[in-house]
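Chemist: Could you have a look at this structure, given as structure tokens, before my questions?
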Amino acid sequence: MTISRPARAAGHMAGRQIKRTIWSGVLAGVGLAAFIDETVFHQLLHWHHFYDKSTLAVGLVSDGLFHAGGFVAMVAGLFLLADTLRRDGFVPKRWWAALLAGAGGFQLYDGLVQHKLLGLHQIRYHVAVWPYDLTWNLTAFVMIVAGAVLMTGRAGVARSAMFRSDADTAA
Amino acid sequence: MLELIPLALTLLAGVGYSLAWYRLDRRGHRWPTRRAACMLAGSLCVGVALLPPVASHDDRFEVHVVQHLLLAMAAPVFLALSAPVTLALRTVPLGVRRVLLRALHSSAVGVLTAPATAVTLDLGGLYGLYLTGLYRAAERDSLIHAAVHLHMFLAGCLLSWAVIGIDPIRRRPGTGARLAALVIAAAGHDILAKLMYAWILPAGGGPAAERQAGAELMYYGGTAIEVALAVIVMTQWYLATGRALARARRRVAAPAETFAATDREHSGRT
């Protein structure tokens, strides 16, 4: 069966969208975690401090990179989402899976490496911090697992208007 | 008076820009109003940064940081979006245009407008200014002060042109490269701000509380502009891919003739 060039092109375009959906989700997830970290914990609750004197110099580098990268990731992820939507290639389950995995991954890195290993800042000061650490990292772990479950579960095929209309007219 | 050189440059560019816009308009060609608005906004940022009341209080470190944010970050973003070189190319006489094009396509300009160059000049200047005795020297010597202002302005412009510039150069970097340059520049800026907070720098920046307040302002102001730049880069990407998508959809809708046309179009293109 010969596949016409337009149909092949359309199919190629449709197949690519799952990758783009996942990229969008991961980036948006990382960005979301960074954004919540910044606004909720730094600004609103003032739990995190701007700078903790126990920070190692290398911790500042990690903080700067993840701060800058996090916001760019959020912007990129949201624009990728818009692009996936206009191509009718959006797969909701995979996007949410990627979002959870991305956000959980960032939170785990923040909780283990940035808070503990590099001593960048603690979750909260002047309290016993271990319940906060436990909740933080456990939540992150649960998010990653949830993301993995949703990623491997069954999802609807990516709907592509082009693909469908071509199949309709071909039949 | 030397500190006003960036302002003089911007005003000259603004006057030239207005004349060129008027000339283009008289010929009946369209030039987007938002670009002219960006030129105006950029000029205003430079003006606010270098004139009283901001300039007269810049011995206070927080005011200096506001000056830096306006002059080296906000103004260049607007100026890059105003596409002055594109406007010049459309309105100057043929001989001047040839010279300008040859310059734009030269390898020297290629190196200068590469993201790596811009990031290095920008971050190098910042780290040099705040981590060495240069800040104190600039406070004392008006010539050094003026040179610092000029460097910050030009380096900021280079970075903006590299990341979001519309003007034509030989090989414009892809979206990934531009985002990477943005992340590196922003991270370098944020790391420096926290370093300054931690080590209470720069030397000669006044009371410790003032220096730390300035460092925090630098961090958050820088983040705001970085997010704006990311949005601009992704908007440019979104619009460009949208145009490509529309073209592809038109091709799918009318395959036979359009494929022949695009085959011709592809073989003809170098």
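Ligands are numbered from 1 in the order shown, chains are lettered A, B, ... in the order of the structure tokens, and residues start at 1 in each chain.
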Which residues of chain B are close to chain A, meaning at most 10 Å apart when you count only C-alpha atoms, and how do they look as a ChimeraX atom specification?
Modeler: /B:179-180,182-195,197-199,216,219,222-224,226-235,237-239,241-242,245,248-249,251-256,259
Chemist: Find the residues around segment 92-102 of chain B up to 12 Å (only C-alpha atoms counted), leave out those fewer than 5 positions away in its own chain, and share them as a list of chain:residue names.
Modeler: B:Gly16, B:Tyr17, B:Leu19, B:Ala20, B:Trp21, B:Arg23, B:Leu24, B:Pro84, B:Val85, B:Thr86, B:Leu87, B:Ser107, B:Ala108, B:Val109, B:Gly110, B:Asp167, B:Pro168, B:Ile169, B:Arg170
Chemist: Rounded to one decimal in Å, what is the spacing between atom CA of Gln114 of chain A and atom CA of Asn137 of chain A?
Modeler: 11.9 Å
Chemist: Taking the DSSP assignment computed from this structure's backbone, write out as number ranges by chain all residues of segment 38-246 of chain B that belong to alpha helix (DSSP H).
Modeler: B: 38-50, 61-68, 75-81, 84-91, 94-104, 107-112, 115-131, 134-140, 142-164, 175-199, 208-246
Chemist: May I ask for the distance between atom CA of Arg140 of chain B and atom CA of Leu123 of chain B, given in Å to one decimal place?
Modeler: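 Straight-line distance from atom CA of Arg140 of chain B to atom CA of Leu123 of chain B works out to 23.0 Å.
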Chemist: Within 7 Å of Ala33 of chain A, counting only C-alpha atoms, which residues show up once you throw out same-chain ones fewer than 2 positions away? Write them as a VMD selection string, please.
Modeler: chain A and resid 29 to 31 35 to 37 103 106 to 107
